[in-house]
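Peer 1: This one is start.cif, mmCIF, C-alpha atoms.
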```
data_final
#
loop_
_atom_site.label_atom_id
_atom_site.label_comp_id
_atom_site.auth_asym_id
_atom_site.auth_seq_id
_atom_site.Cartn_x
_atom_site.Cartn_y
_atom_site.Cartn_z
CA MET C 10 0.00 0.00 0.00
CA ILE C 11 0.99 3.62 -0.26
CA PHE C 12 2.93 3.95 2.98
CA ARG C 13 4.00 0.44 3.70
CA LYS C 14 7.62 -0.35 3.02
CA ALA C 15 7.91 -3.38 0.85
CA ASN C 16 9.05 -6.50 2.56
CA PHE C 17 7.61 -8.97 0.18
CA GLY C 18 8.89 -12.28 1.38
CA ARG C 19 11.00 -12.65 4.49
CA PHE C 20 8.19 -14.46 6.30
CA ALA C 21 6.02 -15.51 3.34
CA VAL C 22 5.87 -19.15 4.39
CA LEU C 23 2.16 -19.19 3.69
CA ILE C 24 2.57 -18.42 0.02
CA LEU C 25 5.33 -20.64 -1.28
CA LEU C 26 7.14 -22.09 1.73
CA VAL C 27 9.99 -19.90 0.55
CA LEU C 28 11.82 -17.09 2.30
CA VAL C 29 12.55 -14.35 -0.19
CA SER C 30 14.21 -11.30 1.29
CA GLY C 31 12.84 -7.96 0.23
CA SER C 32 14.74 -4.79 -0.48
CA ARG C 33 16.27 -2.68 2.27
CA ALA C 34 19.17 -0.28 2.28
CA GLN C 35 22.57 0.57 3.51
CA GLN C 36 25.13 3.16 4.45
CA THR C 37 25.03 6.86 5.36
CA PRO C 38 26.30 9.06 8.22
CA GLY C 39 27.40 7.26 11.34
CA PRO C 40 25.13 6.31 14.24
CA GLY C 41 23.63 9.29 15.96
CA ALA C 42 24.34 11.62 13.06
CA LYS C 43 21.56 14.06 12.21
CA PRO C 44 20.92 15.98 9.01
CA ALA C 45 21.50 19.71 9.03
CA THR C 46 17.83 20.35 8.40
CA VAL C 47 14.77 18.24 9.10
CA MET C 48 11.76 17.47 6.97
CA PRO C 49 8.80 19.50 8.27
CA ASP C 50 5.90 17.59 9.79
CA VAL C 51 3.22 19.51 7.92
CA ILE C 52 4.19 20.48 4.39
CA GLY C 53 2.67 23.64 2.93
CA VAL C 54 1.53 24.33 -0.61
CA PRO C 55 4.34 26.20 -2.42
CA ALA C 56 3.59 29.34 -4.41
CA ALA C 57 4.05 27.60 -7.77
CA ALA C 58 1.46 24.99 -6.77
CA GLN C 59 -1.18 27.57 -5.81
CA PRO C 60 -4.14 27.70 -8.22
CA SER C 61 -3.82 30.42 -10.83
CA GLU C 62 -4.53 31.09 -14.49
CA HIS C 63 -0.89 30.23 -15.24
CA PHE C 64 -0.74 27.04 -13.19
CA ASP C 65 1.84 24.63 -14.60
CA ALA C 66 2.06 21.02 -13.41
CA ASP C 67 5.79 20.73 -14.10
CA ALA C 68 6.60 23.93 -12.19
CA ALA C 69 4.34 22.86 -9.31
CA THR C 70 6.09 19.48 -9.15
CA GLU C 71 9.53 21.11 -8.98
CA ALA C 72 8.28 23.51 -6.31
CA TYR C 73 7.13 20.62 -4.12
CA LEU C 74 10.39 18.76 -4.65
CA GLY C 75 12.25 21.94 -3.75
CA GLN C 76 10.76 21.78 -0.25
CA ILE C 77 12.77 18.66 0.55
CA PRO C 78 15.98 19.66 2.39
CA ALA C 79 19.09 18.68 0.43
CA SER C 80 20.48 16.70 3.36
CA THR C 81 17.23 14.76 3.73
CA ARG C 82 17.14 13.96 0.04
CA SER C 83 20.76 12.80 0.03
CA ARG C 84 20.12 10.67 3.09
CA SER C 85 17.01 8.99 1.67
CA ASP C 86 18.74 8.39 -1.68
CA ALA C 87 21.63 6.68 0.09
CA TYR C 88 19.24 4.61 2.17
CA PHE C 89 17.17 3.47 -0.79
CA GLU C 90 20.08 2.88 -3.16
CA GLY C 91 21.79 0.78 -0.51
CA GLY C 92 18.76 -1.47 -0.69
CA TYR C 93 19.66 -2.40 -4.24
CA TRP C 94 22.76 -4.16 -2.93
CA LEU C 95 20.92 -5.70 -0.01
CA ILE C 96 18.61 -7.51 -2.42
CA LEU C 97 21.74 -9.26 -3.69
CA TRP C 98 23.28 -9.84 -0.25
CA ASP C 99 20.00 -11.20 1.14
CA PHE C 100 19.84 -13.70 -1.71
CA LEU C 101 23.50 -14.76 -1.49
CA TYR C 102 23.49 -14.98 2.31
CA GLY C 103 20.30 -17.05 2.34
CA ALA C 104 21.58 -19.32 -0.44
CA ALA C 105 24.80 -19.89 1.51
CA ILE C 106 22.81 -20.93 4.59
CA TYR C 107 20.69 -23.43 2.65
CA LEU C 108 23.73 -24.91 0.91
CA PHE C 109 25.51 -25.14 4.27
CA LEU C 110 22.62 -27.13 5.77
CA LEU C 111 22.64 -29.49 2.79
CA HIS C 112 26.39 -29.92 2.26
CA PHE C 113 27.33 -30.54 5.88
CA GLY C 114 24.38 -32.84 6.60
CA TRP C 115 22.64 -30.58 9.10
CA SER C 116 19.33 -30.96 7.33
CA ALA C 117 19.55 -34.74 7.41
CA ALA C 118 20.55 -34.61 11.09
CA MET C 119 17.53 -32.47 11.92
CA ARG C 120 15.30 -34.94 10.08
CA ASN C 121 16.82 -37.84 12.02
CA PHE C 122 16.18 -36.04 15.30
CA ALA C 123 12.54 -35.47 14.37
CA GLU C 124 12.13 -39.15 13.45
CA ARG C 125 13.67 -40.26 16.75
CA THR C 126 11.27 -37.97 18.63
CA THR C 127 8.04 -39.41 17.19
CA ARG C 128 6.78 -41.94 14.65
CA PHE C 129 3.87 -39.73 13.56
CA LYS C 130 5.01 -38.33 10.23
CA PRO C 131 3.06 -35.03 10.29
CA LEU C 132 4.51 -34.31 13.72
CA GLN C 133 7.97 -35.19 12.39
CA THR C 134 7.44 -32.54 9.73
CA PHE C 135 6.41 -29.95 12.33
CA ILE C 136 9.44 -30.71 14.50
CA TYR C 137 11.76 -30.49 11.51
CA TRP C 138 10.16 -27.20 10.42
CA THR C 139 10.71 -25.76 13.90
CA GLU C 140 14.36 -26.84 13.86
CA PHE C 141 14.84 -25.47 10.37
CA LEU C 142 13.28 -22.10 11.16
CA VAL C 143 15.24 -21.67 14.41
CA VAL C 144 18.57 -22.68 12.82
CA THR C 145 18.14 -20.45 9.76
CA THR C 146 17.06 -17.56 11.99
CA ILE C 147 20.20 -17.94 14.12
CA LEU C 148 22.49 -18.29 11.11
CA GLY C 149 20.83 -15.33 9.41
CA ALA C 150 20.90 -13.15 12.54
CA PRO C 151 23.98 -11.04 11.65
CA LEU C 152 22.49 -9.73 8.41
CA ALA C 153 18.99 -9.50 9.89
CA LEU C 154 20.27 -7.45 12.84
CA TYR C 155 22.12 -5.06 10.58
CA GLU C 156 19.36 -4.75 8.04
CA GLY C 157 16.35 -4.65 10.35
CA TYR C 158 17.73 -2.91 13.43
CA PHE C 159 21.13 -1.20 13.31
CA ARG C 160 20.69 0.26 9.84
CA GLU C 161 17.18 1.49 10.60
CA ARG C 162 18.43 3.30 13.69
CA GLN C 163 21.41 4.62 11.77
CA TYR C 164 19.04 6.36 9.40
CA GLY C 165 16.73 7.56 12.15
CA LEU C 166 13.81 5.41 10.96
CA ALA C 167 13.53 3.10 13.99
CA THR C 168 12.31 4.09 17.44
CA GLN C 169 12.81 0.78 19.25
CA THR C 170 15.78 -0.21 21.33
CA LEU C 171 17.29 -3.65 20.84
CA LEU C 172 15.31 -5.68 23.38
CA PRO C 173 11.84 -4.59 22.18
CA TRP C 174 12.95 -5.18 18.59
CA LEU C 175 14.13 -8.68 19.47
CA GLY C 176 10.81 -9.25 21.22
CA ASP C 177 8.94 -8.45 18.01
CA GLN C 178 11.22 -10.79 16.06
CA LEU C 179 10.47 -13.54 18.56
CA ILE C 180 6.74 -13.05 18.02
CA ILE C 181 7.24 -13.22 14.25
CA LEU C 182 9.31 -16.39 14.69
CA LEU C 183 6.63 -18.06 16.80
CA VAL C 184 3.90 -17.13 14.33
CA ASN C 185 5.96 -18.64 11.54
CA VAL C 186 6.64 -21.76 13.56
CA VAL C 187 2.89 -22.34 13.95
CA LEU C 188 1.60 -21.23 10.57
CA GLY C 189 4.60 -22.49 8.61
CA GLY C 190 4.46 -25.78 10.48
CA VAL C 191 0.83 -26.31 9.48
CA VAL C 192 1.58 -25.46 5.84
CA SER C 193 4.61 -27.77 5.86
CA MET C 194 2.63 -30.70 7.24
CA VAL C 195 -0.14 -30.31 4.68
CA LEU C 196 2.25 -29.92 1.75
CA LEU C 197 4.32 -32.94 2.76
CA VAL C 198 1.15 -35.05 2.99
CA VAL C 199 0.28 -33.93 -0.54
CA VAL C 200 3.77 -34.76 -1.83
CA ARG C 201 3.81 -38.22 -0.26
CA ARG C 202 0.32 -39.24 -1.34
CA LEU C 203 0.44 -37.74 -4.84
CA PRO C 204 4.06 -38.26 -5.97
CA ARG C 205 3.33 -37.63 -9.65
CA THR C 206 1.04 -34.60 -9.45
CA TRP C 207 2.13 -33.14 -6.09
CA TRP C 208 3.21 -29.86 -7.66
CA ILE C 209 -0.30 -29.11 -8.97
CA TRP C 210 -2.04 -29.95 -5.71
CA GLY C 211 0.70 -28.25 -3.70
CA ALA C 212 0.14 -25.02 -5.62
CA GLY C 213 -3.59 -25.25 -4.91
CA VAL C 214 -2.98 -25.77 -1.20
CA SER C 215 -0.62 -22.79 -1.13
CA VAL C 216 -3.23 -20.54 -2.74
CA ILE C 217 -5.82 -21.64 -0.17
CA PHE C 218 -3.44 -20.81 2.67
CA LEU C 219 -2.67 -17.46 1.04
CA ILE C 220 -6.38 -16.57 1.03
CA PHE C 221 -6.72 -17.79 4.62
CA PHE C 222 -3.82 -15.60 5.74
CA ILE C 223 -5.29 -12.52 4.04
CA MET C 224 -8.56 -13.17 5.85
CA ILE C 225 -7.17 -13.64 9.37
CA ALA C 226 -4.13 -11.36 9.38
CA PRO C 227 -5.86 -8.02 10.20
CA VAL C 228 -7.73 -9.47 13.16
CA PHE C 229 -5.42 -12.17 14.55
CA ILE C 230 -1.85 -11.58 13.30
CA PHE C 231 -1.18 -7.84 13.04
CA PRO C 232 -2.42 -7.08 16.60
CA LEU C 233 0.34 -9.34 17.94
CA LEU C 234 2.88 -6.65 17.02
CA ASN C 235 0.86 -3.47 17.44
CA LYS C 236 -2.06 -2.15 19.43
CA TYR C 237 -5.15 -1.32 17.41
CA THR C 238 -7.72 1.03 18.90
CA VAL C 239 -10.84 2.70 17.54
CA LEU C 240 -10.13 6.28 16.50
CA GLU C 241 -12.62 8.59 18.19
CA ASP C 242 -11.68 12.03 16.83
CA PRO C 243 -14.64 13.03 14.58
CA LYS C 244 -12.51 15.61 12.75
CA ILE C 245 -10.48 12.70 11.41
CA THR C 246 -13.03 9.89 11.23
CA GLN C 247 -16.03 11.71 9.71
CA PRO C 248 -14.30 12.70 6.42
CA ILE C 249 -12.80 9.19 6.15
CA LEU C 250 -16.08 7.37 6.78
CA SER C 251 -17.90 9.75 4.46
CA LEU C 252 -15.34 8.98 1.77
CA ALA C 253 -15.77 5.26 2.45
CA ARG C 254 -19.57 5.42 2.18
CA ALA C 255 -19.34 7.47 -1.02
CA ASN C 256 -17.18 4.73 -2.53
CA GLY C 257 -19.23 1.75 -1.42
CA ILE C 258 -16.95 0.60 1.40
CA PRO C 259 -18.91 -0.92 4.34
CA ALA C 260 -16.78 0.57 7.13
CA GLN C 261 -18.28 1.66 10.43
CA LYS C 262 -15.09 2.45 12.33
CA VAL C 263 -11.60 3.77 11.75
CA TYR C 264 -8.70 2.22 13.66
CA GLN C 265 -5.34 3.63 14.64
CA MET C 266 -2.16 1.64 15.16
CA ASP C 267 0.70 2.51 17.51
CA ALA C 268 3.42 2.23 14.85
CA SER C 269 5.46 4.98 16.52
CA ARG C 270 6.70 2.43 19.06
CA GLN C 271 8.66 0.85 16.22
CA THR C 272 9.21 3.34 13.40
CA THR C 273 8.91 6.93 12.22
CA ARG C 274 7.25 5.88 8.95
CA MET C 275 3.74 7.02 8.12
CA SER C 276 1.29 4.39 6.88
CA ALA C 277 -2.35 3.48 6.40
CA ASN C 278 -4.27 0.62 4.86
CA VAL C 279 -7.63 -0.89 4.09
CA SER C 280 -6.86 -4.51 4.91
CA GLY C 281 -8.65 -7.81 5.14
CA TYR C 282 -11.62 -9.06 3.18
CA GLY C 283 -15.33 -9.32 3.92
CA GLN C 284 -16.02 -9.26 7.65
CA THR C 285 -12.34 -8.77 8.51
CA MET C 286 -12.01 -5.55 6.45
CA ARG C 287 -10.49 -2.65 8.42
CA ILE C 288 -9.54 0.96 7.75
CA THR C 289 -6.38 1.70 9.71
CA LEU C 290 -4.09 4.72 10.09
CA ASN C 291 -0.86 4.63 12.02
CA ASP C 292 -0.23 7.25 14.67
CA ASN C 293 2.70 8.78 12.76
CA LEU C 294 0.34 9.76 9.95
CA LEU C 295 -2.15 11.16 12.45
CA ARG C 296 0.59 13.18 14.15
CA ARG C 297 2.44 14.49 11.10
CA GLY C 298 -0.07 14.53 8.25
CA SER C 299 -2.34 17.44 7.41
CA PRO C 300 -6.10 16.72 7.13
CA GLU C 301 -5.76 16.94 3.35
CA GLU C 302 -2.86 14.51 3.39
CA ILE C 303 -4.78 12.01 5.52
CA GLN C 304 -7.77 12.17 3.17
CA ALA C 305 -5.53 11.72 0.12
CA VAL C 306 -3.84 8.70 1.68
CA MET C 307 -7.15 7.11 2.62
CA GLY C 308 -8.52 7.76 -0.87
CA HIS C 309 -5.56 5.80 -2.22
CA GLU C 310 -6.07 2.94 0.22
CA MET C 311 -9.78 2.78 -0.55
CA GLY C 312 -8.83 2.60 -4.19
CA HIS C 313 -7.18 -0.75 -3.53
CA TYR C 314 -10.43 -2.00 -2.02
CA VAL C 315 -12.81 -0.63 -4.65
CA LEU C 316 -10.60 -1.75 -7.54
CA HIS C 317 -10.55 -5.28 -6.06
CA HIS C 318 -6.77 -5.42 -5.93
CA ILE C 319 -6.82 -8.12 -3.26
CA ALA C 320 -8.92 -10.45 -5.40
CA LYS C 321 -6.90 -9.63 -8.50
CA ASP C 322 -3.65 -10.21 -6.63
CA ILE C 323 -4.88 -13.60 -5.47
CA LEU C 324 -5.57 -14.59 -9.07
CA TYR C 325 -2.24 -13.18 -10.23
CA PHE C 326 -0.20 -14.87 -7.53
CA ALA C 327 -2.10 -18.11 -8.01
CA VAL C 328 -0.61 -18.23 -11.51
CA VAL C 329 2.82 -17.30 -10.13
CA ILE C 330 2.57 -20.04 -7.51
CA VAL C 331 1.65 -22.68 -10.09
CA ILE C 332 4.63 -21.65 -12.23
CA PHE C 333 6.87 -21.76 -9.17
CA PHE C 334 5.75 -25.26 -8.23
CA ALA C 335 6.33 -26.44 -11.79
CA LEU C 336 9.87 -25.04 -11.68
CA LEU C 337 10.33 -26.52 -8.22
CA ARG C 338 9.41 -29.98 -9.43
CA TRP C 339 11.81 -29.71 -12.38
CA SER C 340 14.63 -28.41 -10.15
CA LEU C 341 14.19 -30.96 -7.36
CA ASP C 342 14.09 -33.91 -9.76
CA ARG C 343 17.41 -32.92 -11.34
CA ALA C 344 19.17 -31.82 -8.17
CA LEU C 345 18.28 -34.99 -6.27
CA VAL C 346 19.47 -37.24 -9.07
CA ARG C 347 22.89 -35.68 -8.71
CA TRP C 348 23.27 -34.87 -4.99
CA ARG C 349 20.74 -36.88 -3.00
CA GLU C 350 23.35 -39.36 -1.74
CA HIS C 351 25.74 -36.63 -0.64
CA TRP C 352 22.97 -34.65 1.04
CA LYS C 353 21.39 -37.84 2.49
CA ILE C 354 17.96 -36.89 1.15
CA ARG C 355 15.67 -39.86 0.48
CA GLY C 356 13.37 -38.12 -1.96
CA ILE C 357 11.02 -35.21 -2.55
CA GLY C 358 8.81 -36.32 0.35
CA ASP C 359 11.72 -36.16 2.80
CA THR C 360 11.69 -33.19 5.17
CA ALA C 361 15.45 -32.88 4.70
CA VAL C 362 14.72 -31.45 1.24
CA PHE C 363 13.46 -28.16 2.73
CA PRO C 364 16.75 -26.22 2.33
CA LEU C 365 16.78 -27.17 -1.35
CA VAL C 366 13.17 -25.99 -1.72
CA PHE C 367 14.07 -22.67 -0.13
CA LEU C 368 17.19 -22.38 -2.26
CA VAL C 369 15.17 -22.78 -5.44
CA GLY C 370 12.55 -20.38 -4.12
CA SER C 371 15.16 -17.75 -3.24
CA LEU C 372 16.64 -17.97 -6.73
CA CYS C 373 13.20 -17.66 -8.33
CA GLY C 374 12.32 -14.74 -6.07
CA PHE C 375 15.57 -12.95 -6.86
CA VAL C 376 15.04 -13.24 -10.61
CA TYR C 377 11.36 -12.34 -10.24
CA THR C 378 12.03 -9.11 -8.30
CA PRO C 379 11.53 -6.57 -11.12
CA PHE C 380 8.40 -8.34 -12.36
CA PHE C 381 6.95 -8.48 -8.85
CA ASN C 382 7.72 -4.79 -8.38
CA THR C 383 6.12 -3.92 -11.71
CA HIS C 384 2.91 -5.72 -10.80
CA ILE C 385 2.66 -4.00 -7.41
CA ARG C 386 3.68 -0.63 -8.85
CA THR C 387 0.92 -0.88 -11.46
CA ASN C 388 -1.65 -1.50 -8.73
CA GLU C 389 -0.29 1.41 -6.72
CA HIS C 390 -0.56 3.76 -9.68
CA GLU C 391 -4.16 2.69 -10.24
CA ALA C 392 -4.91 3.35 -6.56
CA ASP C 393 -3.14 6.73 -6.83
CA MET C 394 -5.41 7.86 -9.64
CA TYR C 395 -8.51 6.49 -7.91
CA GLY C 396 -7.52 8.24 -4.70
CA LEU C 397 -7.05 11.57 -6.44
CA ASN C 398 -10.50 11.35 -8.01
CA ALA C 399 -12.12 10.18 -4.78
CA SER C 400 -10.49 12.51 -2.25
CA ARG C 401 -9.89 15.49 -4.57
CA GLN C 402 -6.81 16.37 -2.52
CA PRO C 403 -3.90 16.68 -4.97
CA ASP C 404 -1.87 18.82 -2.59
CA GLY C 405 -2.43 16.37 0.24
CA PHE C 406 -1.26 13.62 -2.08
CA ALA C 407 1.90 15.58 -2.97
CA GLN C 408 2.58 16.16 0.73
CA ALA C 409 2.27 12.43 1.36
CA ALA C 410 4.73 11.66 -1.45
CA ILE C 411 7.23 14.08 0.12
CA HIS C 412 6.94 12.38 3.49
CA LEU C 413 7.68 9.09 1.74
CA GLY C 414 10.80 10.79 0.41
CA GLU C 415 12.34 10.44 3.86
CA TYR C 416 13.23 6.85 2.99
CA ARG C 417 12.50 6.47 -0.74
CA LYS C 418 14.44 7.92 -3.63
CA MET C 419 12.34 10.65 -5.20
CA SER C 420 13.80 10.88 -8.72
CA PRO C 421 15.15 7.55 -10.01
CA SER C 422 15.97 6.75 -13.62
CA PRO C 423 13.27 4.84 -15.56
CA VAL C 424 15.30 1.60 -15.47
CA GLU C 425 15.96 2.06 -11.75
CA GLU C 426 12.26 2.54 -11.09
CA TRP C 427 11.31 -0.54 -13.15
CA ILE C 428 13.70 -2.85 -11.32
CA PHE C 429 13.65 -1.62 -7.72
CA PHE C 430 10.45 0.37 -7.06
CA ASP C 431 7.27 -1.36 -5.92
CA HIS C 432 5.54 2.04 -5.87
CA PRO C 433 5.71 4.89 -8.38
CA SER C 434 8.56 7.26 -7.59
CA GLY C 435 7.84 10.35 -5.52
CA ARG C 436 8.48 12.65 -8.46
CA ASN C 437 6.00 10.78 -10.66
CA ARG C 438 3.38 10.72 -7.93
CA ILE C 439 3.65 14.44 -7.30
CA HIS C 440 3.52 15.14 -11.03
CA ASP C 441 0.40 12.97 -11.38
CA ALA C 442 -1.23 14.95 -8.55
CA MET C 443 -0.30 18.30 -10.05
CA ARG C 444 -1.47 17.25 -13.51
CA TRP C 445 -4.79 16.19 -11.96
CA LYS C 446 -4.96 19.58 -10.24
CA ALA C 447 -4.27 21.36 -13.53
CA GLU C 448 -7.16 19.53 -15.20
CA ASN C 449 -9.50 20.34 -12.30
CA LEU C 450 -8.29 23.83 -11.48
CA GLN C 451 -11.82 25.24 -11.31
CA MET C 452 -12.34 23.22 -8.11
CA PHE C 453 -9.58 25.16 -6.37
CA ALA C 454 -9.80 28.61 -7.91
CA PRO C 455 -13.40 29.25 -8.94
CA LYS C 456 -12.91 33.01 -8.73
CA ALA C 457 -10.08 32.94 -11.25
CA ASP C 458 -12.48 31.71 -13.93
CA ARG C 459 -15.02 34.50 -13.50
#
```
Go ahead and express the file in the form of structure tokens.
Peer 2:
Amino acid sequence: MIFRKANFGRFAVLILLVLVSGSRAQQTPGPGAKPATVMPDVIGVPAAAQPSEHFDADAATEAYLGQIPASTRSRSDAYFEGGYWLILWDFLYGAAIYLFLLHFGWSAAMRNFAERTTRFKPLQTFIYWTEFLVVTTILGAPLALYEGYFRERQYGLATQTLLPWLGDQLIILLVNVVLGGVVSMVLLVVVRRLPRTWWIWGAGVSVIFLIFFIMIAPVFIFPLLNKYTVLEDPKITQPILSLARANGIPAQKVYQMDASRQTTRMSANVSGYGQTMRITLNDNLLRRGSPEEIQAVMGHEMGHYVLHHIAKDILYFAVVIVIFFALLRWSLDRALVRWREHWKIRGIGDTAVFPLVFLVGSLCGFVYTPFFNTHIRTNEHEADMYGLNASRQPDGFAQAAIHLGEYRKMSPSPVEEWIFFDHPSGRNRIHDAMRWKAENLQMFAPKADR
């Protein structure tokens, strides 16, 4: 969604049983360093963006971009560009861990331990999954600590100290132990009972679990990490609920989330499906965003709902999952013919094959990155345009794009944007808003037309 930083796979066990690290970033001034100037909380409308007979979308865009302090822009560019390299390091580091578990027999040893613990095969799978997740989490801790904690604090984006951050990671680990364990047990049953067509049925099971996760996450998963409370301020809720009703969204309440305990990022979403649908704003957006900015953001988020992006994404990723499972079958068959004896893997139905599954999945995810980003970016652009038409707050939308510029590069090259951006760039979003304003100028300056 518009304000949620993409992390499209680190814990996506429900989709493909594959950990695919998302993009993050890297280097800048040392810990504790602060920029010379700070991005303002509430961003005003520059003179060139004011409605007039000579309003120009390009000039208005440059005027908005000119409000970003040079130090802030340099800092966010460094942060975002560093993420390009971290996509590579995440893939290589994860691949090294999976190969280590296979080559040195750790995976086979974990399987043997699970088999000594119980004779019930589904429970053996769950025990192995728990071992696998704990071991890979420990081995991956150095990069995860740098990427998720130290680097975020280095750039001033994190508000947690180490112990609370580790507590959140423990919660995520436990959730993945339970949910990933259930998925693993079901998939292994499918593989063992349908050895010839397991990849087709396995893809179907994965899609079902994906839908299930989307349904339960807003109510049962997300509240494990953050506190959700009903927002009572009518100055905020009435325009949002009015916008929801006008666009056919059956929302009765607006929720706020205490994201400030973890991050300085601003975010909002319309999540869930059916009875679990929720409109949520995080407290950073409520604290820093202008009323126009909040309405623009919510118009965007409602666009995802009205345009049925969740349902369309399910269909899209169902196809992706089927293709992945077909590639997985082809890869496992050939890899096991060559290395099964060395790795002590008995076959595709052996739990010891998990590191190989994740290795193949990581490689597929790495290659798929620009195509994944393009799909998501297309949805985001559609929601942008819907949100502009629904909220009629182009300046609020431009202000939101500038706030995103605290940790996203505002003006990438076209190739850069295609490969690495899962949202339209800040410059393009502001220009879209100003072009919309230019075409609807009579809404903002009725007197100028008399």
Peer 1: Please evaluate the PyMOL selection byres ((chain C and resi 388) around 10) against the structure above and give the resulting residues as a list in words.
Peer 2: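 Selected by the PyMOL selection byres ((chain C and resi 388) around 10) here: Met10, Gly312, His313, Leu316, His318, Lys321, Asp322, Asn382, Thr383, His384, Ile385, Arg386, Thr387, Glu389, His390, Glu391, Ala392, Asp393, Asp431, His432 and Pro433 of chain C.
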Peer 1: Please write as a PyMOL selection string the full residue list that the PyMOL selection byres ((chain C and resi 249-265) around 8) yields on this file.
Peer 2: chain C and resi 237-240+245-248+266-267+286-292+304+307-308+311+314-315+399-400
Peer 1: Filtering to C-alpha atoms, could you give me those residues as a short mmCIF file (atom, residue, chain, number, x, y, z; two decimals), in the coordinates of the input?
Peer 2:
```cif
data_model
loop_
_atom_site.label_atom_id
_atom_site.label_comp_id
_atom_site.auth_asym_id
_atom_site.auth_seq_id
_atom_site.Cartn_x
_atom_site.Cartn_y
_atom_site.Cartn_z
CA TYR C 237 -5.15 -1.32 17.41
CA THR C 238 -7.72 1.03 18.90
CA VAL C 239 -10.84 2.70 17.54
CA LEU C 240 -10.13 6.28 16.50
CA ILE C 245 -10.48 12.70 11.41
CA THR C 246 -13.03 9.89 11.23
CA GLN C 247 -16.03 11.71 9.71
CA PRO C 248 -14.30 12.70 6.42
CA MET C 266 -2.16 1.64 15.16
CA ASP C 267 0.70 2.51 17.51
CA MET C 286 -12.01 -5.55 6.45
CA ARG C 287 -10.49 -2.65 8.42
CA ILE C 288 -9.54 0.96 7.75
CA THR C 289 -6.38 1.70 9.71
CA LEU C 290 -4.09 4.72 10.09
CA ASN C 291 -0.86 4.63 12.02
CA ASP C 292 -0.23 7.25 14.67
CA GLN C 304 -7.77 12.17 3.17
CA MET C 307 -7.15 7.11 2.62
CA GLY C 308 -8.52 7.76 -0.87
CA MET C 311 -9.78 2.78 -0.55
CA TYR C 314 -10.43 -2.00 -2.02
CA VAL C 315 -12.81 -0.63 -4.65
CA ALA C 399 -12.12 10.18 -4.78
CA SER C 400 -10.49 12.51 -2.25
#
```
Peer 1: Distance atom CA of C:Tyr107-atom CA of C:Phe159, one decimal place?
Peer 2: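 Distance between the two atoms: 24.7 Å.
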Peer 1: Could you tell me how far atom CA of C:Val200 sits from atom CA of C:Phe122, in Å to one decimal place?
Peer 2: 21.2 Å
Peer 1: For C:Thr81, which residue among C:Met419, C:Met224, C:Ala277, C:Val214 is the nearest when counting all atoms listed in the file?
Peer 2: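 Closest residue, counting all atoms listed in the file: C:Met419.
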